[in-house]
Amino acid sequence: MLKINNLHCKVEDQDEVEKFILNGVSLEVPAGEVHAIMGPNGSGKSTLSYAVTGRDGYDVTEGSIEFNGEEIGALAPEERAARGLYLSFQYPVEIPGVPTLIFLKEALNAQRAARGEAEVTAPAFIKLAREKAKQLSISMDMLKRPVNVGFSGGEKKRLEILQALILEPKFLILDETDSGLDIDALKVVADGVNTLRSPERGMLVITHYQRLLDYIKPDVVHILAAGRIVKSGGPELAHELEAEGYDKYIGEAA
Amino acid sequence: MGVIKPIAAETALIDTLEGATGWLGQLREATRIQGLPTRRHEMWKWSDLRRAAGEITTAGSITLTGAASGALEPADGETVELGIHASAGASAAVLGLTVKSGRSVTLVERYSSAAGSLGNFHLDIAIESGGRLERICVHDEAEEGVLIASSSIDLATDAKLTQIALAFGGKLMRNETHVMHAGEHSEASLHGVYLLDEGRHFDYTTSVHHTGPGGTTRQLVKGAVAAHARGVFQGKFKVDRLAQHTDAKMTHRALMLDDRAEIDAKPELEIYADDVQCAHGNAIGALDETALFYMRQRGIPLVQARALLIESYLAEPLDFVSGEALRDELRARLQQRLRAIS
């Protein structure tokens with residue numbers, strides 16, 4: 001479903017110095033599977049999520065990103081989104097002045113238009129939003145407020161998952177979805193994610209800690225260090241990391 | 001100091017104002033002696049009127065619709081709809097308006113100008129004690145015209161002025177508003193929104209002079225400027241020694257939509273009283289790239305995402321328009337314009 005081959009990516013820092021963050025990442029997530037990416041800070045986890053979703057400034061210099069057999073490396077972010085690629089942000093962005101419901105309706109209908117599907121009417125959309133919001137204990141009042149403005153860390157993460165429930169992407173990348181969540185909020189978010197698990201859908205769960213993986217059980221765990229996958233294995237790898245830390249992999253990558 | 005050699009536009013303006021008295025007479029005299037203002041005049045340093053009027057050679061006219069005579073005294077609750085159109089050529093016109101004590105009045109001015117115009121429309125407004133005026137200035141149609149909408153507003157005690165300008169700019173367009181603020185529970189608000197497409201120029205120049213104690217002034221001006229366009233904001237609060245307990249806040253925020261946009265801002269406080277609350281804030285920035293990516297990642301195309309972000313950035317001052325129909329109309333015009341330029 002998502003096939004990343006030998007991906008090299010460079011970014012420009014604030015002093016306009018170019019730096020390679022990904023140095024040949026290869027990874028394949030088949031439909032129906034959940035893969036976790038774990039790695040120390042600065043290993044390139046967020047860069048990988050931005051490179052795959054097409055953020056400006058993340059310059060792919062080598063390698064390929066295939067999604068359902070199509071090379072998507074040259075597509076705009078909105079084109080990748082319309083093909084079903086969804087990123088749950090580590091730091092969801094505040095958009096003052098744009099009510100969440102309006103934002104979500106515009107997003108859903110823009111994706112549908114790009115796929116040649118009919119627009120969802122306002123009443124049908126409200127019904128859909130209400131139903132999905134309930135599942136995540138999000139009030140309709142909250143959805144009338146501007147996107148993420150004044151939301152707590154937990155509310156922002158729940159809203160990321162709500163958006164996924166409404167947009168129904170084919171593939172989800174969850175970037176540090178557990179950061180900033182207490183255990184109750186983590187369960188709510190994980191439950192939401194688990195309802196999206198299906199044989200047709202793939203997921204890439206990026207996390208620093210093993211904790212999230214107790215709730216969203218991965219099929220495969222990859223360890224990313226210094227911009228490369230240095231080891232892949234089953235769920236037990238996450239437990240090993242929790243016990244032993246990343247030190248030996250940092251050494252290997254260098 | 002010798003009289004400068006007038007350019008054709010100045011001669012045309014001086015000729016067409018032959019025999020004028022009052023404000024028009026003063027304009028003629030100023031033009032005769034000093035010429036049209038240039039960037040050498042402090043108040044006009046970013047809006048060189050003489051240069052903008054360079055190709056104008058003939059006299060023109062200002063057509064006023066919605067007002068019968070040279071002085072208006074609207075009834076309580078009345079909405080005055082003025083259409084002000086400047087034809088090609090140099091022209092000036094003046095109108096007086098008084099809000100009588102205890103009356104509440106809405107004034108909507110819709111400006112338009114033809115290519116090759118140099119128009120100056122001046123409003124002399126008095127708001128008597130206990131009077132309220134909501135003034136909406138719509139500067140949305142001025143292709144290649146040069147248009148100055150100037151006004152002097154006399155705000156008495158216990159009175160209220162709310163002004164909201166919406167501007168899309170012209171070859172050179174300026175809203176220049178001077179308020180004499182008597183304080184004593186009086187409130188003045190001078191808000192504005194400007195959205196300038198390529199090549200357009202809009203200048204919002206305002207001054208509020210607090211002469212009495214206890215007055216309030218609020219100003220929120222938001223702008224967005226495309227490549228090769230220029231937005232100018234000059235805001236001045238002057239507080240006399242007598243005007244203790246004045247409470248005045250000025251905020252100007254603007255977006256450069258392109259590296260080749262130009263925004264010039266001069267917020268200014270001149271305070272002679274020692275017990276006042278006066279503040280100004282000015283911020284020029286670019287569209288939030290992170291927010292743009294977030295929206296695109298959700299499937300919203302770049303053009304639409306930009307328009308949504310700019311609209312949400314600009315819309316706030318329009319919230320001060322109290323009439324719902326008018327507020328919706330102005331928002332719709334802003335959205336329409338955004339779709340056209342992004």
# chains A, B, ... in the order shown; residues from 1 in each chain; ligands from 1

call {"tool": "select_by_dssp", "arguments": {"residues": "region 84-139 of chain A", "states": "strand (DSSP E or B)", "output": "list in words"}}
result
Leu85, Tyr86, Leu87, Ser88, Ile95, Pro96, Gly97, Val98 and Pro99 of chain A

call {"tool": "interface_residues", "arguments": {"of": "chain B", "to": "chain A", "cutoff": "8 Å", "atoms": "only C-alpha atoms", "output": "PyMOL selection string"}}
result
chain B and resi 290-291+293-302+308-309+312-313

call {"tool": "residues_around", "arguments": {"residues": "Leu159 (chain A)", "least_positions_apart": "4", "cutoff": "8 Å", "atoms": "only C-alpha atoms", "output": "PDB file with C-alpha atoms, in the first residue's frame"}}
result
ATOM      1  CA  ILE A 138     -16.068  15.963  21.577  1.00  0.00           C
ATOM      2  CA  ASN A 148      -7.495  24.175  17.588  1.00  0.00           C
ATOM      3  CA  GLU A 155      -8.418  18.122  22.805  1.00  0.00           C
ATOM      4  CA  GLN A 163     -10.808  14.501  11.404  1.00  0.00           C
TER       5      GLN A 163
END

call {"tool": "atom_distance", "arguments": {"atom1": "CA of Leu97 (chain B)", "atom2": "CA of Gly130 (chain B)"}}
result
15.6 Å

call {"tool": "residues_around", "arguments": {"residues": "region 78-89 of chain B", "least_positions_apart": "5", "cutoff": "6 Å", "atoms": "only C-alpha atoms", "output": "count of residues only"}}
result
24

call {"tool": "residues_around", "arguments": {"residues": "Asp247 (chain B)", "least_positions_apart": "6", "cutoff": "8 Å", "atoms": "only C-alpha atoms", "output": "short mmCIF file (atom, residue, chain, number, x, y, z; two decimals) with C-alpha atoms, in the first residue's frame"}}
result
data_model
loop_
_atom_site.label_atom_id
_atom_site.label_comp_id
_atom_site.auth_asym_id
_atom_site.auth_seq_id
_atom_site.Cartn_x
_atom_site.Cartn_y
_atom_site.Cartn_z
CA GLY B 214 -12.11 60.63 29.69
CA GLY B 215 -12.42 59.84 26.01
CA THR B 216 -12.05 56.38 24.47
CA THR B 217 -10.58 55.52 21.07
CA VAL B 276 -3.74 58.07 30.35
CA GLN B 277 -3.84 54.57 28.88
CA CYS B 278 -2.55 54.71 25.35
#

call {"tool": "select_by_dssp", "arguments": {"residues": "region 18-201 of chain A", "states": "alpha helix (DSSP H)", "output": "ChimeraX atom specification"}}
result
/A:45-53,77-82,100-114,122-135,140-144,153-167,183-195

call {"tool": "residues_around", "arguments": {"residues": "Gly183 (chain B)", "least_positions_apart": "6", "cutoff": "8 Å", "atoms": "only C-alpha atoms", "output": "list in words"}}
result
Ala156, Thr157, Asp158, His210, Thr211, Gly212, Pro213, Gly214, Gly215, Thr216, Ala243 and Thr246 of chain B

call {"tool": "atom_distance", "arguments": {"atom1": "CA of Glu73 (chain B)", "atom2": "CA of Ala20 (chain B)"}}
result
22.9 Å

call {"tool": "residues_around", "arguments": {"residues": "Cys9 (chain A)", "least_positions_apart": "2", "cutoff": "8 Å", "atoms": "only C-alpha atoms", "output": "list of chain:residue names"}}
result
A:Leu7, A:Val11, A:Phe20, A:Ile21, A:Leu22, A:Asn23, A:Thr47, A:Ala51, A:Tyr58, A:Asp59, A:Val60, A:Thr61, A:Glu62

call {"tool": "write_last_selection", "arguments": {"atoms": "N, CA and C atoms", "output": "PDB file, in the first residue's frame"}}
result
ATOM      1  N   LEU A   7      14.633   6.519   0.448  1.00  0.00           N
ATOM      2  CA  LEU A   7      14.260   7.934   0.497  1.00  0.00           C
ATOM      3  C   LEU A   7      15.341   8.785   1.165  1.00  0.00           C
ATOM      4  N   VAL A  11      16.481  19.229   4.367  1.00  0.00           N
ATOM      5  CA  VAL A  11      15.724  20.425   4.747  1.00  0.00           C
ATOM      6  C   VAL A  11      16.700  21.558   4.990  1.00  0.00           C
ATOM      7  N   PHE A  20      20.846  16.929   5.401  1.00  0.00           N
ATOM      8  CA  PHE A  20      20.135  15.688   5.116  1.00  0.00           C
ATOM      9  C   PHE A  20      19.611  15.091   6.409  1.00  0.00           C
ATOM     10  N   ILE A  21      18.298  14.817   6.444  1.00  0.00           N
ATOM     11  CA  ILE A  21      17.688  14.241   7.638  1.00  0.00           C
ATOM     12  C   ILE A  21      17.378  12.771   7.392  1.00  0.00           C
ATOM     13  N   LEU A  22      16.981  12.450   6.147  1.00  0.00           N
ATOM     14  CA  LEU A  22      16.735  11.049   5.803  1.00  0.00           C
ATOM     15  C   LEU A  22      17.831  10.595   4.845  1.00  0.00           C
ATOM     16  N   ASN A  23      18.414   9.454   5.155  1.00  0.00           N
ATOM     17  CA  ASN A  23      19.571   8.990   4.383  1.00  0.00           C
ATOM     18  C   ASN A  23      19.332   7.606   3.789  1.00  0.00           C
ATOM     19  N   THR A  47      10.357  14.246   9.999  1.00  0.00           N
ATOM     20  CA  THR A  47      10.758  14.542   8.625  1.00  0.00           C
ATOM     21  C   THR A  47      10.181  13.513   7.665  1.00  0.00           C
ATOM     22  N   ALA A  51       7.880  14.392   4.560  1.00  0.00           N
ATOM     23  CA  ALA A  51       8.336  14.051   3.206  1.00  0.00           C
ATOM     24  C   ALA A  51       7.263  13.231   2.482  1.00  0.00           C
ATOM     25  N   TYR A  58      10.703  20.269   2.367  1.00  0.00           N
ATOM     26  CA  TYR A  58      11.240  18.925   2.608  1.00  0.00           C
ATOM     27  C   TYR A  58      11.564  18.321   1.246  1.00  0.00           C
ATOM     28  N   ASP A  59      12.812  18.484   0.882  1.00  0.00           N
ATOM     29  CA  ASP A  59      13.242  18.257  -0.480  1.00  0.00           C
ATOM     30  C   ASP A  59      13.723  16.806  -0.644  1.00  0.00           C
ATOM     31  N   VAL A  60      12.928  16.029  -1.374  1.00  0.00           N
ATOM     32  CA  VAL A  60      13.306  14.636  -1.622  1.00  0.00           C
ATOM     33  C   VAL A  60      14.312  14.620  -2.777  1.00  0.00           C
ATOM     34  N   THR A  61      15.531  14.171  -2.501  1.00  0.00           N
ATOM     35  CA  THR A  61      16.580  14.232  -3.519  1.00  0.00           C
ATOM     36  C   THR A  61      16.804  12.877  -4.196  1.00  0.00           C
ATOM     37  N   GLU A  62      16.332  11.836  -3.564  1.00  0.00           N
ATOM     38  CA  GLU A  62      16.580  10.500  -4.099  1.00  0.00           C
ATOM     39  C   GLU A  62      15.541   9.553  -3.537  1.00  0.00           C
TER      40      GLU A  62
END

call {"tool": "atom_distance", "arguments": {"atom1": "CA of Ala190 (chain A)", "atom2": "CA of Ala133 (chain A)"}}
result
14.6 Å

call {"tool": "decode", "arguments": {"residues": "region 177-214 of chain A", "atoms": "N, CA and C atoms", "output": "compact mmCIF listing (two decimals), in the first residue's frame"}}
result
# COMPACT_ATOMS: atom_id res chain seq x y z
N THR A 177 1.29 10.87 18.38
CA THR A 177 -0.07 11.14 18.81
C THR A 177 -0.21 11.03 20.33
N ASP A 178 0.71 10.31 20.96
CA ASP A 178 0.61 10.13 22.42
C ASP A 178 1.22 11.28 23.21
N SER A 179 2.01 12.15 22.55
CA SER A 179 2.67 13.20 23.33
C SER A 179 1.62 14.18 23.89
N GLY A 180 1.79 14.54 25.12
CA GLY A 180 0.90 15.50 25.76
C GLY A 180 -0.42 14.91 26.22
N LEU A 181 -0.57 13.58 26.17
CA LEU A 181 -1.84 12.97 26.59
C LEU A 181 -1.69 12.27 27.93
N ASP A 182 -2.70 12.46 28.80
CA ASP A 182 -2.72 11.63 30.01
C ASP A 182 -3.33 10.28 29.63
N ILE A 183 -3.36 9.36 30.59
CA ILE A 183 -3.71 7.98 30.26
C ILE A 183 -5.16 7.84 29.78
N ASP A 184 -6.09 8.67 30.36
CA ASP A 184 -7.48 8.58 29.93
C ASP A 184 -7.65 9.07 28.49
N ALA A 185 -7.01 10.22 28.21
CA ALA A 185 -7.08 10.78 26.86
C ALA A 185 -6.44 9.82 25.85
N LEU A 186 -5.35 9.19 26.29
CA LEU A 186 -4.65 8.24 25.41
C LEU A 186 -5.57 7.09 25.01
N LYS A 187 -6.36 6.61 25.99
CA LYS A 187 -7.29 5.51 25.70
C LYS A 187 -8.36 5.94 24.70
N VAL A 188 -8.90 7.14 24.89
CA VAL A 188 -9.94 7.65 23.99
C VAL A 188 -9.39 7.74 22.56
N VAL A 189 -8.18 8.31 22.46
CA VAL A 189 -7.56 8.48 21.14
C VAL A 189 -7.27 7.12 20.51
N ALA A 190 -6.71 6.20 21.32
CA ALA A 190 -6.37 4.88 20.79
C ALA A 190 -7.62 4.12 20.34
N ASP A 191 -8.71 4.25 21.13
CA ASP A 191 -9.97 3.61 20.72
C ASP A 191 -10.42 4.13 19.37
N GLY A 192 -10.31 5.46 19.20
CA GLY A 192 -10.69 6.08 17.93
C GLY A 192 -9.86 5.52 16.78
N VAL A 193 -8.56 5.43 17.01
CA VAL A 193 -7.66 4.91 15.97
C VAL A 193 -8.02 3.45 15.66
N ASN A 194 -8.29 2.67 16.71
CA ASN A 194 -8.57 1.25 16.50
C ASN A 194 -9.85 1.00 15.71
N THR A 195 -10.83 1.94 15.82
CA THR A 195 -12.04 1.75 15.01
C THR A 195 -11.72 1.93 13.52
N LEU A 196 -10.61 2.61 13.25
CA LEU A 196 -10.23 2.81 11.84
C LEU A 196 -9.42 1.64 11.27
N ARG A 197 -9.00 0.73 12.14
CA ARG A 197 -8.22 -0.42 11.62
C ARG A 197 -9.13 -1.28 10.76
N SER A 198 -8.65 -1.60 9.58
CA SER A 198 -9.43 -2.45 8.69
C SER A 198 -8.49 -3.10 7.67
N PRO A 199 -8.95 -4.16 7.03
CA PRO A 199 -8.08 -4.86 6.07
C PRO A 199 -7.69 -3.97 4.88
N GLU A 200 -8.47 -2.90 4.62
CA GLU A 200 -8.16 -2.04 3.48
C GLU A 200 -7.26 -0.87 3.86
N ARG A 201 -7.01 -0.69 5.15
CA ARG A 201 -6.36 0.54 5.59
C ARG A 201 -5.00 0.23 6.22
N GLY A 202 -4.02 1.07 5.94
CA GLY A 202 -2.71 0.92 6.56
C GLY A 202 -2.43 2.06 7.52
N MET A 203 -1.50 1.84 8.44
CA MET A 203 -1.13 2.89 9.39
C MET A 203 0.35 2.86 9.69
N LEU A 204 0.88 4.05 9.89
CA LEU A 204 2.26 4.19 10.33
C LEU A 204 2.21 5.01 11.61
N VAL A 205 2.60 4.37 12.71
CA VAL A 205 2.50 5.04 14.01
C VAL A 205 3.90 5.45 14.45
N ILE A 206 4.12 6.76 14.51
CA ILE A 206 5.43 7.26 14.90
C ILE A 206 5.40 7.60 16.39
N THR A 207 6.31 7.03 17.12
CA THR A 207 6.29 7.32 18.56
C THR A 207 7.68 7.17 19.17
N HIS A 208 7.86 7.88 20.24
CA HIS A 208 9.13 7.84 20.95
C HIS A 208 9.10 6.76 22.03
N TYR A 209 7.87 6.56 22.56
CA TYR A 209 7.70 5.63 23.68
C TYR A 209 6.86 4.43 23.29
N GLN A 210 7.04 3.36 24.03
CA GLN A 210 6.32 2.12 23.78
C GLN A 210 4.85 2.20 24.23
N ARG A 211 4.57 3.13 25.17
CA ARG A 211 3.27 3.23 25.82
C ARG A 211 2.08 3.18 24.85
N LEU A 212 2.13 3.98 23.79
CA LEU A 212 1.03 4.04 22.83
C LEU A 212 0.77 2.67 22.19
N LEU A 213 1.86 1.90 22.02
CA LEU A 213 1.76 0.63 21.31
C LEU A 213 1.08 -0.45 22.15
N ASP A 214 0.87 -0.18 23.45
CA ASP A 214 0.06 -1.07 24.26
C ASP A 214 -1.40 -0.98 23.85
